[in-house]
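As stored in my_file15.cif (mmCIF, C-alpha atoms):
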data_coords
#
loop_
_atom_site.group_PDB
_atom_site.id
_atom_site.type_symbol
_atom_site.label_atom_id
_atom_site.label_comp_id
_atom_site.auth_asym_id
_atom_site.auth_seq_id
_atom_site.Cartn_x
_atom_site.Cartn_y
_atom_site.Cartn_z
ATOM 1 C CA MET X 19 83.679 15.428 -6.753
ATOM 2 C CA GLU X 20 85.964 17.405 -9.037
ATOM 3 C CA ALA X 21 84.466 19.080 -12.081
ATOM 4 C CA MET X 22 85.590 17.643 -15.389
ATOM 5 C CA THR X 23 87.914 19.749 -17.501
ATOM 6 C CA THR X 24 86.380 20.316 -20.899
ATOM 7 C CA GLU X 25 88.045 21.180 -24.177
ATOM 8 C CA ALA X 26 86.531 24.644 -23.831
ATOM 9 C CA ASP X 27 88.244 25.051 -20.435
ATOM 10 C CA ILE X 28 91.584 24.032 -21.914
ATOM 11 C CA ALA X 29 91.146 26.376 -24.869
ATOM 12 C CA GLU X 30 90.273 29.238 -22.520
ATOM 13 C CA ARG X 31 93.359 28.605 -20.365
ATOM 14 C CA ASN X 32 95.587 28.403 -23.427
ATOM 15 C CA ASP X 33 94.131 31.634 -24.765
ATOM 16 C CA MET X 34 94.717 33.358 -21.422
ATOM 17 C CA PHE X 35 98.309 32.099 -21.332
ATOM 18 C CA ASP X 36 98.943 33.353 -24.859
ATOM 19 C CA ARG X 37 97.564 36.798 -24.025
ATOM 20 C CA LEU X 38 99.596 37.053 -20.823
ATOM 21 C CA ALA X 39 102.715 35.860 -22.654
ATOM 22 C CA LYS X 40 102.277 38.543 -25.295
ATOM 23 C CA TYR X 41 101.651 41.192 -22.635
ATOM 24 C CA SER X 42 104.771 40.151 -20.717
ATOM 25 C CA GLY X 43 107.236 41.232 -23.382
ATOM 26 C CA MET X 44 109.253 38.064 -22.797
ATOM 27 C CA PRO X 45 110.768 36.701 -26.020
ATOM 28 C CA LEU X 46 108.142 34.254 -27.240
ATOM 29 C CA ALA X 47 110.788 31.953 -28.727
ATOM 30 C CA THR X 48 111.819 31.055 -25.183
ATOM 31 C CA THR X 49 108.554 29.242 -24.411
ATOM 32 C CA GLY X 50 109.872 26.130 -26.141
ATOM 33 C CA SER X 51 112.878 24.172 -24.994
ATOM 34 C CA THR X 52 115.283 27.035 -24.413
ATOM 35 C CA LEU X 53 115.017 29.609 -21.636
ATOM 36 C CA VAL X 54 112.857 27.839 -19.068
ATOM 37 C CA LEU X 55 114.045 26.631 -15.675
ATOM 38 C CA MET X 56 113.901 22.945 -16.539
ATOM 39 C CA THR X 57 116.404 23.421 -19.371
ATOM 40 C CA PHE X 58 118.970 25.323 -17.301
ATOM 41 C CA LEU X 59 122.191 23.345 -16.885
ATOM 42 C CA PRO X 60 123.554 24.213 -13.434
ATOM 43 C CA GLY X 61 127.256 23.831 -12.837
ATOM 44 C CA LYS X 62 129.628 24.381 -9.949
ATOM 45 C CA GLY X 63 129.401 28.162 -10.225
ATOM 46 C CA THR X 64 125.682 28.384 -11.009
ATOM 47 C CA GLN X 65 124.010 25.736 -8.843
ATOM 48 C CA ALA X 66 123.243 28.180 -6.026
ATOM 49 C CA ALA X 67 121.654 30.630 -8.470
ATOM 50 C CA TYR X 68 119.553 27.857 -10.001
ATOM 51 C CA ASN X 69 118.374 26.731 -6.562
ATOM 52 C CA ALA X 70 117.532 30.328 -5.675
ATOM 53 C CA ALA X 71 115.459 30.688 -8.852
ATOM 54 C CA LEU X 72 113.466 27.555 -8.046
ATOM 55 C CA ALA X 73 112.915 28.713 -4.470
ATOM 56 C CA PHE X 74 111.854 32.186 -5.601
ATOM 57 C CA VAL X 75 108.914 30.673 -7.474
ATOM 58 C CA ALA X 76 108.064 27.839 -5.094
ATOM 59 C CA LYS X 77 108.531 29.392 -1.656
ATOM 60 C CA ARG X 78 108.001 33.124 -2.189
ATOM 61 C CA GLU X 79 110.093 33.882 0.915
ATOM 62 C CA HIS X 80 111.628 36.961 -0.718
ATOM 63 C CA HIS X 81 110.193 39.405 -3.215
ATOM 64 C CA PHE X 82 113.472 40.677 -4.710
ATOM 65 C CA ILE X 83 116.118 38.480 -6.332
ATOM 66 C CA THR X 84 119.202 39.647 -8.229
ATOM 67 C CA PHE X 85 121.399 37.509 -10.468
ATOM 68 C CA VAL X 86 124.938 38.888 -10.755
ATOM 69 C CA GLY X 87 127.649 37.737 -13.125
ATOM 70 C CA GLU X 88 129.671 38.421 -16.223
ATOM 71 C CA PRO X 89 127.946 38.257 -19.628
ATOM 72 C CA GLY X 90 127.151 34.743 -20.795
ATOM 73 C CA ARG X 91 126.742 33.153 -17.370
ATOM 74 C CA GLY X 92 123.024 32.332 -17.671
ATOM 75 C CA LYS X 93 121.479 35.237 -15.756
ATOM 76 C CA THR X 94 118.837 36.022 -18.361
ATOM 77 C CA HIS X 95 118.019 32.324 -18.764
ATOM 78 C CA LEU X 96 117.183 32.091 -15.064
ATOM 79 C CA ALA X 97 115.257 35.369 -15.055
ATOM 80 C CA LEU X 98 113.117 34.373 -18.029
ATOM 81 C CA GLY X 99 112.766 30.880 -16.625
ATOM 82 C CA ILE X 100 111.180 32.387 -13.521
ATOM 83 C CA GLY X 101 108.866 34.420 -15.740
ATOM 84 C CA TRP X 102 107.633 31.460 -17.777
ATOM 85 C CA GLU X 103 107.233 29.355 -14.643
ATOM 86 C CA TRP X 104 105.193 32.178 -13.126
ATOM 87 C CA LEU X 105 102.843 32.283 -16.101
ATOM 88 C CA GLY X 106 102.625 28.514 -16.373
ATOM 89 C CA LEU X 107 101.517 28.215 -12.747
ATOM 90 C CA GLY X 108 98.910 30.943 -13.177
ATOM 91 C CA MET X 109 100.556 33.197 -10.592
ATOM 92 C CA GLY X 110 99.656 36.445 -12.344
ATOM 93 C CA THR X 111 100.958 38.949 -14.849
ATOM 94 C CA VAL X 112 104.605 39.329 -15.856
ATOM 95 C CA LYS X 113 106.569 42.140 -17.478
ATOM 96 C CA TYR X 114 110.064 41.715 -18.914
ATOM 97 C CA TRP X 115 112.259 44.642 -19.914
ATOM 98 C CA GLN X 116 115.883 45.279 -20.607
ATOM 99 C CA VAL X 117 116.412 48.340 -18.450
ATOM 100 C CA SER X 118 117.809 50.559 -21.209
ATOM 101 C CA GLU X 119 114.841 49.733 -23.472
ATOM 102 C CA LEU X 120 112.360 50.413 -20.674
ATOM 103 C CA LEU X 121 113.854 53.856 -20.124
ATOM 104 C CA ASP X 122 113.672 54.558 -23.872
ATOM 105 C CA ALA X 123 109.994 53.551 -23.880
ATOM 106 C CA MET X 124 109.289 55.773 -20.887
ATOM 107 C CA ARG X 125 110.969 58.757 -22.553
ATOM 108 C CA ALA X 126 108.906 58.215 -25.705
ATOM 109 C CA GLU X 127 105.698 58.046 -23.680
ATOM 110 C CA TYR X 128 106.597 61.251 -21.881
ATOM 111 C CA ASP X 129 106.462 63.067 -25.221
ATOM 112 C CA ARG X 130 103.502 61.082 -26.561
ATOM 113 C CA PRO X 131 101.368 59.496 -23.815
ATOM 114 C CA PRO X 132 99.577 56.333 -25.008
ATOM 115 C CA LYS X 133 95.892 56.916 -25.765
ATOM 116 C CA SER X 134 92.912 54.770 -26.666
ATOM 117 C CA ASP X 135 90.954 55.152 -29.896
ATOM 118 C CA TYR X 136 88.704 57.526 -27.949
ATOM 119 C CA GLY X 137 91.552 59.756 -26.823
ATOM 120 C CA VAL X 138 91.670 58.461 -23.249
ATOM 121 C CA VAL X 139 95.188 58.440 -21.800
ATOM 122 C CA LEU X 140 96.236 54.849 -21.058
ATOM 123 C CA PRO X 141 98.674 53.584 -18.424
ATOM 124 C CA GLY X 142 102.234 53.816 -19.704
ATOM 125 C CA GLU X 143 104.996 51.271 -19.218
ATOM 126 C CA PHE X 144 106.113 52.913 -15.983
ATOM 127 C CA GLU X 145 102.686 52.410 -14.397
ATOM 128 C CA LYS X 146 102.415 48.891 -15.810
ATOM 129 C CA CYS X 147 105.791 47.987 -14.318
ATOM 130 C CA LYS X 148 104.758 49.390 -10.950
ATOM 131 C CA GLY X 149 101.631 47.261 -10.801
ATOM 132 C CA VAL X 150 102.501 44.010 -12.576
ATOM 133 C CA ASN X 151 102.622 40.870 -10.410
ATOM 134 C CA LEU X 152 106.179 39.944 -11.463
ATOM 135 C CA LEU X 153 108.656 42.380 -12.998
ATOM 136 C CA ILE X 154 111.910 41.264 -14.633
ATOM 137 C CA LEU X 155 114.534 43.973 -15.172
ATOM 138 C CA ASP X 156 117.401 42.666 -17.284
ATOM 139 C CA ASP X 157 120.881 44.222 -17.536
ATOM 140 C CA LEU X 158 120.524 46.705 -14.705
ATOM 141 C CA GLY X 159 123.445 49.122 -14.699
ATOM 142 C CA VAL X 160 124.232 49.236 -18.424
ATOM 143 C CA GLU X 161 121.761 52.082 -19.000
ATOM 144 C CA LYS X 162 122.977 55.657 -19.387
ATOM 145 C CA SER X 163 123.106 56.940 -15.835
ATOM 146 C CA THR X 164 121.333 60.292 -15.998
ATOM 147 C CA GLU X 165 119.624 61.903 -13.024
ATOM 148 C CA TRP X 166 116.253 61.273 -14.693
ATOM 149 C CA ALA X 167 117.012 57.578 -15.276
ATOM 150 C CA VAL X 168 118.230 57.036 -11.717
ATOM 151 C CA ASP X 169 115.186 58.824 -10.312
ATOM 152 C CA LYS X 170 112.740 56.777 -12.400
ATOM 153 C CA LEU X 171 114.389 53.462 -11.570
ATOM 154 C CA ASP X 172 114.645 54.371 -7.908
ATOM 155 C CA THR X 173 110.948 55.311 -7.812
ATOM 156 C CA LEU X 174 109.942 52.089 -9.576
ATOM 157 C CA ILE X 175 112.100 49.810 -7.437
ATOM 158 C CA ASN X 176 111.152 51.563 -4.208
ATOM 159 C CA HIS X 177 107.446 51.296 -5.052
ATOM 160 C CA ARG X 178 107.696 47.589 -5.731
ATOM 161 C CA TRP X 179 109.662 47.022 -2.540
ATOM 162 C CA LEU X 180 107.106 48.831 -0.404
ATOM 163 C CA GLU X 181 104.248 46.963 -2.103
ATOM 164 C CA LEU X 182 106.059 43.607 -1.664
ATOM 165 C CA LYS X 183 105.859 42.924 -5.393
ATOM 166 C CA PRO X 184 108.149 40.165 -6.713
ATOM 167 C CA THR X 185 110.932 41.561 -8.883
ATOM 168 C CA VAL X 186 113.852 39.886 -10.664
ATOM 169 C CA PHE X 187 117.030 41.758 -11.582
ATOM 170 C CA THR X 188 120.055 40.757 -13.616
ATOM 171 C CA THR X 189 123.259 42.761 -13.754
ATOM 172 C CA ASN X 190 126.848 42.454 -14.929
ATOM 173 C CA LEU X 191 127.959 44.816 -12.174
ATOM 174 C CA ALA X 192 129.004 44.007 -8.650
ATOM 175 C CA PRO X 193 126.404 45.335 -6.187
ATOM 176 C CA GLY X 194 128.790 48.060 -5.067
ATOM 177 C CA GLN X 195 128.926 49.460 -8.610
ATOM 178 C CA LEU X 196 125.192 50.152 -8.813
ATOM 179 C CA GLN X 197 123.702 53.533 -7.970
ATOM 180 C CA PRO X 198 123.556 53.872 -4.152
ATOM 181 C CA ARG X 199 119.785 54.418 -3.918
ATOM 182 C CA ILE X 200 119.067 51.422 -6.137
ATOM 183 C CA ARG X 201 121.704 49.277 -4.438
ATOM 184 C CA SER X 202 120.220 49.939 -1.003
ATOM 185 C CA ARG X 203 116.895 48.388 -2.020
ATOM 186 C CA ILE X 204 118.283 45.476 -3.999
ATOM 187 C CA LYS X 205 120.566 44.349 -1.183
ATOM 188 C CA GLU X 206 117.514 43.846 1.042
ATOM 189 C CA GLY X 207 116.498 40.952 -1.198
ATOM 190 C CA VAL X 208 118.439 37.873 -2.325
ATOM 191 C CA THR X 209 121.583 38.350 -4.410
ATOM 192 C CA VAL X 210 123.258 35.350 -6.038
ATOM 193 C CA MET X 211 126.416 35.158 -8.125
ATOM 194 C CA LEU X 212 126.831 33.154 -11.320
ATOM 195 C CA GLU X 213 130.420 32.133 -11.972
ATOM 196 C CA GLY X 214 132.302 29.662 -14.115
ATOM 197 C CA PRO X 215 132.695 29.285 -17.891
ATOM 198 C CA ASP X 216 130.539 30.990 -20.500
ATOM 199 C CA TYR X 217 127.128 29.331 -20.226
ATOM 200 C CA ARG X 218 126.443 29.614 -23.953
ATOM 201 C CA GLU X 219 129.671 27.799 -24.753
ATOM 202 C CA VAL X 220 128.839 25.067 -22.230
ATOM 203 C CA LYS X 221 125.413 24.507 -23.806
ATOM 204 C CA ALA X 222 126.869 24.488 -27.312
ATOM 205 C CA LYS X 223 129.493 21.924 -26.271
ATOM 206 C CA MET X 224 126.883 19.682 -24.650
ATOM 207 C CA ARG X 225 124.657 19.860 -27.727
ATOM 208 C CA LYS X 226 127.610 18.954 -29.932
ATOM 209 C CA GLU X 227 128.603 16.046 -27.709
ATOM 210 C CA GLY X 228 125.001 14.851 -27.643
ATOM 211 C CA THR X 229 124.798 14.987 -31.425
ATOM 212 C CA ASN X 230 128.061 13.096 -31.800
ATOM 213 C CA ALA X 231 126.851 10.443 -29.369
ATOM 214 C CA GLU X 232 123.760 9.857 -31.485
ATOM 215 C CA ASP X 233 125.742 9.502 -34.741
#
Could you write out this file's structure as structure tokens?
Amino acid sequence: MEAMTTEADIAERNDMFDRLAKYSGMPLATTGSTLVLMTFLPGKGTQAAYNAALAFVAKREHHFITFVGEPGRGKTHLALGIGWEWLGLGMGTVKYWQVSELLDAMRAEYDRPPKSDYGVVLPGEFEKCKGVNLLILDDLGVEKSTEWAVDKLDTLINHRWLELKPTVFTTNLAPGQLQPRIRSRIKEGVTVMLEGPDYREVKAKMRKEGTNAED
């Protein structure tokens, strides 16, 4: 006999979800009807990427997935959609970062390590990203390519690969344009292309047509 779900249980689950959502760094506005998998509108050039995103969550056959395409093709929508699906299914913690912003945060922490109110040094973003259940790295390749940045990203990505930790990447660059050490790890996972018209324009057109149909 299954135990009954009480209002207290529901409140506790909702509170846990809210705390994990805040911890994730994912834009909270996307929890509504925008950047979740069920609202993605796959087309001829994006259907394979959409299917890969669904499979990444449901089947867990691969632990690295990379969405490649020009700006405006829906890469971030799919990446965040995976993140929200992950949290909604209770699959563990999530961290979302645009790569350039992550590197900025890591540089800042190098000068001023995060500490508790008692002066205890706390894990920085680099350590959090190494250990989180699902990591989403958005816009890989647009960051300033210094030796330090390449080394940090290579260390992070290599660690997650060896630990079999699920990681989602998006990039505007063709795989061959990425740094060789980073490219060698990413290509061992799943890489899918997003092609076709600007996804934002497609959504705007569909919303407009839907509004006109209702008038």
message = Please compute the atom CA of X:Arg178-atom CA of X:Ser202 distance, one decimal, in Å.
response =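 Atom CA of X:Ser202 lies at a distance of 13.6 Å from atom CA of X:Arg178.
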Which of X:Gly101, X:Gly61, X:Gly87, X:Gly43 sits closest to X:Val210 [using all atoms listed in the file] = X:Gly87
task = Would you kindly translate the PyMOL selection byres ((chain X and resi 201) around 12) into the concrete residues it picks from this file, as a list in words?
result =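 Selected by the PyMOL selection byres ((chain X and resi 201) around 12) in this file: Phe82, Thr84, Leu158, Gly159, Val168, Leu171, Asp172, Ile175, Asn176, Phe187, Thr189, Leu191, Ala192, Pro193, Gly194, Gln195, Leu196, Gln197, Pro198, Arg199, Ile200, Ser202, Arg203, Ile204, Lys205, Glu206, Gly207 and Thr209 of chain X.
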Atom pair atom CA of X:Phe144 / atom CA of X:His177: separation (Å) =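 Answer for the atom CA of X:Phe144 to atom CA of X:His177 separation: 11.1 Å.
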Computed interatomic separation between atom CA of X:Pro141 and atom CA of X:Lys162 (Å) =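 Value for the atom CA of X:Pro141-atom CA of X:Lys162 distance: 24.4 Å.
Take the PyMOL selection byres ((chain X and resi 124) around 12) and apply it to this file: it picks Trp115, Val117, Ser118, Glu119, Leu120, Leu121, Asp122, Ala123, Arg125, Ala126, Glu127, Tyr128, Asp129, Arg130, Pro131, Pro132, Pro141, Gly142, Glu143, Phe144, Glu145, Lys146, Cys147, Trp166, Ala167, Lys170, Leu171 and Leu174 of chain X.
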Just-selected residues, C-alpha atoms written as a PDB file, keeping the file's coordinate frame:
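again-v4.pdb was written with the following content:
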ATOM      1  CA  TRP X 115     112.259  44.642 -19.914  1.00  0.00           C
ATOM      2  CA  VAL X 117     116.412  48.340 -18.450  1.00  0.00           C
ATOM      3  CA  SER X 118     117.809  50.559 -21.209  1.00  0.00           C
ATOM      4  CA  GLU X 119     114.841  49.733 -23.472  1.00  0.00           C
ATOM      5  CA  LEU X 120     112.360  50.413 -20.674  1.00  0.00           C
ATOM      6  CA  LEU X 121     113.854  53.856 -20.124  1.00  0.00           C
ATOM      7  CA  ASP X 122     113.672  54.558 -23.872  1.00  0.00           C
ATOM      8  CA  ALA X 123     109.994  53.551 -23.880  1.00  0.00           C
ATOM      9  CA  ARG X 125     110.969  58.757 -22.553  1.00  0.00           C
ATOM     10  CA  ALA X 126     108.906  58.215 -25.705  1.00  0.00           C
ATOM     11  CA  GLU X 127     105.698  58.046 -23.680  1.00  0.00           C
ATOM     12  CA  TYR X 128     106.597  61.251 -21.881  1.00  0.00           C
ATOM     13  CA  ASP X 129     106.462  63.067 -25.221  1.00  0.00           C
ATOM     14  CA  ARG X 130     103.502  61.082 -26.561  1.00  0.00           C
ATOM     15  CA  PRO X 131     101.368  59.496 -23.815  1.00  0.00           C
ATOM     16  CA  PRO X 132      99.577  56.333 -25.008  1.00  0.00           C
ATOM     17  CA  PRO X 141      98.674  53.584 -18.424  1.00  0.00           C
ATOM     18  CA  GLY X 142     102.234  53.816 -19.704  1.00  0.00           C
ATOM     19  CA  GLU X 143     104.996  51.271 -19.218  1.00  0.00           C
ATOM     20  CA  PHE X 144     106.113  52.913 -15.983  1.00  0.00           C
ATOM     21  CA  GLU X 145     102.686  52.410 -14.397  1.00  0.00           C
ATOM     22  CA  LYS X 146     102.415  48.891 -15.810  1.00  0.00           C
ATOM     23  CA  CYS X 147     105.791  47.987 -14.318  1.00  0.00           C
ATOM     24  CA  TRP X 166     116.253  61.273 -14.693  1.00  0.00           C
ATOM     25  CA  ALA X 167     117.012  57.578 -15.276  1.00  0.00           C
ATOM     26  CA  LYS X 170     112.740  56.777 -12.400  1.00  0.00           C
ATOM     27  CA  LEU X 171     114.389  53.462 -11.570  1.00  0.00           C
ATOM     28  CA  LEU X 174     109.942  52.089  -9.576  1.00  0.00           C
TER      29      LEU X 174
END
